[in-house]
Amino acid sequence: MAEAADFQGTSPSPARRWLRRAGALLAGAPLLAGLLQLSAAPTARAAGQGAAQAASGSRTVAVSLDSLSPSAPSDGDTLTVSGTVTNKGKQPITDAHVGLRVGSRLSTRSAIDDVADRTGFDPTVDGNEIDDKYAQKFPELAPGVSQRFTLSVPVGKLHLGADGVYAFSVSLSGRTSSQPWEQVLGIQHTFLPWQPDGADTRTKTTFLWPLVSTVHMTAETGPGAQQTPVFLDDTLAREISPGGRLERMLELGKSLDVTWVIDPDLLASVDAMTRSYRIQTDADSTPVAGTHQAEAKQWLAELQQAVAGKEVVALPFGDPDLASLAHHGTSVTGSLSQLKNATDVAAETVETILHVKPSTDYAWPADGAVDPSIIRVATSAGADTVIARSDSLKESSGLTYTPSAARPIGGGTTAIVADAQLSTAFEGDLSSAGARTLAVQRFLAQSLELTAQTSKQRSIVVAPQRMPSASQAQAMAQALTALQHSTWSEFQNLSAAAKAKPDPAATNRIPSASHYPSSLRKQELPRSAFAAIARTQGKVDTFQVVLTYPSRVVTPFGRALNREMATSWRGRGDAAAHFRNGVETYLDSLSDEVKLIDKSETKLSGHSATIPVTVQNNLVQGVDHLVLRLTSTNPTRLKIGGQAWAEQPISVSGGHSQSVKFTTSANANGPVAVIAQLYTEDGQEYGAPVTFDVKVTEITATVMLVIGGGVLLLVLAGFRMYTQRKRAAARQEAEGAQDLEEARDDAGDGAGNADASGTAATPEGEHGAPQEAVRQENSGATAGRLSKESGPRSRTDASEQPSDPAPDTAAGDAAPSGTGEKVDR
């Protein structure tokens with residue numbers, strides 16, 4: 001930037017003049033003469049940069065090397081290089097051309113890193129430009145303007161010597177009005193691996209191809225029996241759609257010799273997307289339906305084909321953060337059980353979805369950083385191999401070569417030490433073609449230099465970042481494709497690398513906890529996170545015992561708790577806390593669907609009564625194994641079932657309520673608080689209690705005597721009425737019999753008189769007297785029958801005719817009333 005400012009022709013400040021004078025004294029007379037000819041002198045040299053770089057302004061032009069093919073050339077190949085040059089200065093560049101430079105052969109891996117980190121031109125390292133007939137010329141390069149270039153040169157014209165890695169660069173040379181001589185104004189450094197013939201001993205290389213993502217699924221499921229899953233957002237759909245990160249990882253990995261390392265949670269999430277699913281929009285809105293079922297089905301189908309016959313390593317479900325667990329979680333009861341559950345479910349998930357049997361013998365801490373506590377936690381769930389990295393297990397024995405990855409570290413555990421330089425080669429922003437090309441060439445250079453260190457055959461493991469971007473994945477694929485066609489490397493599975501004979505000189509000492517990188521420690525989950533996980537697990541344990549189908553709750557919440565420990569939460573503490581709170585809140589809402597209905601004050605009159613308590617179940621499934629306990633706070637006044645409290649078992653179908661009745665007994669007047677509480681069968685409280693008052697009104701002895709006396713009087717009155725009616729019925733029956741007897745006597749007397757007078761009987765109508773006597777006898781008989789059927793009658797009844805109207809009141813008996821009988825008035 002200082003050089004660019006000088007190009008503007010501005011007047012130098014006093015400080016700048018002082019620096020210019022100091023630079024002139026140090027540089028000598030030739031440099032001073034050059035400075036006097038310029039309207040604006042170059043700035044003082046930056047720390048660690050050579051005089052040539054400072055004087056040349058070699059950072060005036062940005063050179064981007066977008067492609068280099070082939071990446072590792074052989075005899076007879078033509079090397080093609082293309083890219084862009086951009087004038088970042090303020091002055092036009094004239095007589096410009098882009099050329100190629102082959103520098104010295106690099107003999108160490110650290111020398112490769114030094115060249116990669118260098119900027120500017122250094123003729124002692126970058127070497128001379130090859131024949132200018134292979135250069136591309138530009139008459140003028142205006143400020144801020146970019147120009148494309150493509151250079152092709154036979155490899156033989158590069159004059160490469162012995163096998164090895166060569167510094168290789170693309171430079172732009174030209175002139176400016178302020179510096180009217182040809183000079184290098186921009187340069188880009190890279191590497192040219194040169195191994196035309198097969199290496200005497202090839203390096204066995206294992207490359208891990210990770211399919212890992214962030215957490216996407218919540219613990220929430222939709223209403224109904226289908227348990228429709230709910231996603232945090234729609235980012236997973238974008239990742240598996242064409243052009244997305246995971247789609248590129250899958251598409252690129254198909255043709256590569258790699259070991260697939262997969263988080264089962266990713267598979268479970270994509271598999272859930274193949275059916276109905278919903279997506280949260282914000283905290284207060286109803287989730288909306290997801291629409292990417294087709295993309296999910298296609299991604300899974302292609303992955304099944306890609307891993308067929310390949311080695312697949314399954315991480316514990318959710319990819320738990322082993323370092324966070326080791327440093328903060330082991331002090332919380334149950335945290336290691338979460339890791340064990342995540343490991344147990346991993347193989348089943350992968351095998352069910354991908355139809356391949358994965359290995360679960362590997363643990364992979366974040367960035368391969370380990371200490372003794374991480375090793376203990378990593379192997380506690382059954383893993384016997386820990387994937388570490390060489391910047392954590394640093395060599396201390398002065399080895400001049402990179403040893404094999406496998407290291408026995410005691411207790412039957414093997415550490416797979418991935419090479420740090422190869423593993424970190426594809427980090428950073430690789431969105432531009434130029435950045436990807438540089439990453440590929442640096443990776444290949446490190447791989448070849450590693451092979452050239454010794455004639456020993458070694459097994460090297462590359463463990464890149466867990467979640468490469470699409471551009472990083474593209475660079476990885478380019479490098480692996482070149483490596484697969486190289487003459488110095490061959491592919492090897494991770495399992496074979498783990499079983500390779502370890503180098504006895506390699507370190508197997510695990511660094512202490514104090515050497516764990518502070519930058520990684522700051523990203524870990526805190527102890528409070530594991531305490532929240534344990535609290536939620538306790539609630540799940542209580543909830544599941546009352547359910548008729550506990551798997552509908554245990555499975556989604558168990559997987560959600562695994563996700564709460566995910567390595568992907570590193571550096572995202574707020575998002576991790578929000579997810580944990582969401583899981584616990586949703587569990588509480590489900591538990592509250594089984595509850596006691598609030599009761600108002602209940603009145604209790606008398607010594608005993610029943611009190612109903614209602615349990616409501618708004619879940620889809622039924623609940624049982626619950627006990628409802630009703631407790632009196634004052635058992636002296638009010639007892640439940642004859643004691644201070646009583647219990648009854650509860651079983652309620654989904655979507656129903658059930659009322660339970662408790663027998664109570666009161667001993668005194670006044671209000672008594674009663675507490676209803678649900679318990680699980682093992683005595684754990686379930687849900688919130690319901691407290692209500694029972695107002696007792698006791699009946700006194702005096703009141704009981706008054707009521708008893710009244711009842712007795714009613715009984716006696718009823719008995720008196722009954723006896724009176726019985727006596728009256730008997731008297732009426734006797735009177736009716738007497739009337740009948742008198743009627744018969746009268747009829748007999750009439751007949752005797754007729755016979756005595758000598759009057760013969762004649763047919764009716766001829767003589768009136770005999771007919772009248774018969775009528776009278778019949779009349780007397782009829783009167784007798786009526787007296788039997790209707791009770792006592794007046795003696796005048798015999799003269800009544802059937803056509804006469806019935807009297808309003810029955811005629812009274814003319815006989816005197818008996819003693820104690822009621823007389824009708």
# chains A, B, ... in the order shown; residues from 1 in each chain; ligands from 1

$ residues_around --residues "Ala346 (chain A)" --least-positions-apart "3" --cutoff "7 Å" --atoms "only C-alpha atoms" --output "count of residues only"
9

$ select_by_dssp --residues "region 491-623 of chain A" --states "strand (DSSP E)" --output "count of residues only"
19

$ atom_distance --atom1 "CA of Ser657 (chain A)" --atom2 "CA of Leu590 (chain A)"
16.0 Å

$ residues_around --residues "Gly411 (chain A)" --least-positions-apart "4" --cutoff "12 Å" --atoms "only C-alpha atoms" --output "list in words"
Ile375, Arg376, Thr379, Ser380, Ala383, Asp384, Thr385 and Ala415 of chain A

$ write_last_selection --atoms "C-alpha atoms" --output "compact mmCIF listing (two decimals), in the first residue's frame"
# COMPACT_ATOMS: atom_id res chain seq x y z
CA ILE A 375 -8.51 -40.64 25.52
CA ARG A 376 -10.33 -42.08 28.56
CA THR A 379 -12.61 -45.29 24.74
CA SER A 380 -15.26 -45.47 27.47
CA ALA A 383 -13.93 -47.40 20.72
CA ASP A 384 -10.40 -48.79 20.70
CA THR A 385 -8.89 -46.39 18.13
CA ALA A 415 -3.91 -43.69 18.22

$ closest_residue --among "A:Gly144, A:Gly571, A:Pro193, A:Pro358" --to "Leu448 (chain A)" --atoms "only C-alpha atoms"
A:Pro193

$ closest_residue --among "A:Val620, A:Val145, A:Val155, A:Val261" --to "Thr221 (chain A)" --atoms "only C-alpha atoms"
A:Val620

$ closest_atom_pairs --of "region 580-656 of chain A" --to "region 524-535 of chain A" --cutoff "9 Å" --atoms "only C-alpha atoms" --output "JSON lines"
{"residue": "A:Arg580", "atom": "CA", "partner": "A:Ala532", "partner_atom": "CA", "distance": 7.3}
{"residue": "A:Asn581", "atom": "CA", "partner": "A:Ala532", "partner_atom": "CA", "distance": 8.3}
{"residue": "A:Glu584", "atom": "CA", "partner": "A:Ala532", "partner_atom": "CA", "distance": 8.4}

$ decode --residues "region 100-126 of chain A" --atoms "C-alpha atoms" --output "mmCIF file, in the first residue's frame"
data_model
loop_
_atom_site.group_PDB
_atom_site.id
_atom_site.type_symbol
_atom_site.label_atom_id
_atom_site.label_comp_id
_atom_site.auth_asym_id
_atom_site.auth_seq_id
_atom_site.Cartn_x
_atom_site.Cartn_y
_atom_site.Cartn_z
ATOM 1 C CA LEU A 100 6.968 -18.979 -15.727
ATOM 2 C CA ARG A 101 9.797 -19.496 -13.266
ATOM 3 C CA VAL A 102 11.224 -22.713 -11.878
ATOM 4 C CA GLY A 103 13.009 -22.284 -8.579
ATOM 5 C CA SER A 104 15.194 -24.550 -6.545
ATOM 6 C CA ARG A 105 14.325 -28.069 -5.476
ATOM 7 C CA LEU A 106 12.991 -28.106 -1.930
ATOM 8 C CA SER A 107 14.412 -30.712 0.397
ATOM 9 C CA THR A 108 12.196 -30.450 3.485
ATOM 10 C CA ARG A 109 8.526 -30.167 4.284
ATOM 11 C CA SER A 110 9.129 -27.002 6.277
ATOM 12 C CA ALA A 111 10.748 -25.417 3.202
ATOM 13 C CA ILE A 112 7.509 -26.038 1.338
ATOM 14 C CA ASP A 113 5.582 -24.207 4.036
ATOM 15 C CA ASP A 114 8.026 -21.318 3.899
ATOM 16 C CA VAL A 115 7.593 -20.867 0.153
ATOM 17 C CA ALA A 116 3.810 -21.104 0.448
ATOM 18 C CA ASP A 117 3.779 -18.336 3.039
ATOM 19 C CA ARG A 118 6.089 -16.009 1.090
ATOM 20 C CA THR A 119 4.953 -12.958 -0.861
ATOM 21 C CA GLY A 120 6.971 -10.912 -3.297
ATOM 22 C CA PHE A 121 9.829 -11.795 -5.601
ATOM 23 C CA ASP A 122 13.147 -13.265 -4.466
ATOM 24 C CA PRO A 123 15.456 -14.225 -7.341
ATOM 25 C CA THR A 124 17.459 -16.572 -5.140
ATOM 26 C CA VAL A 125 14.390 -18.724 -4.569
ATOM 27 C CA ASP A 126 12.152 -18.052 -7.552
#
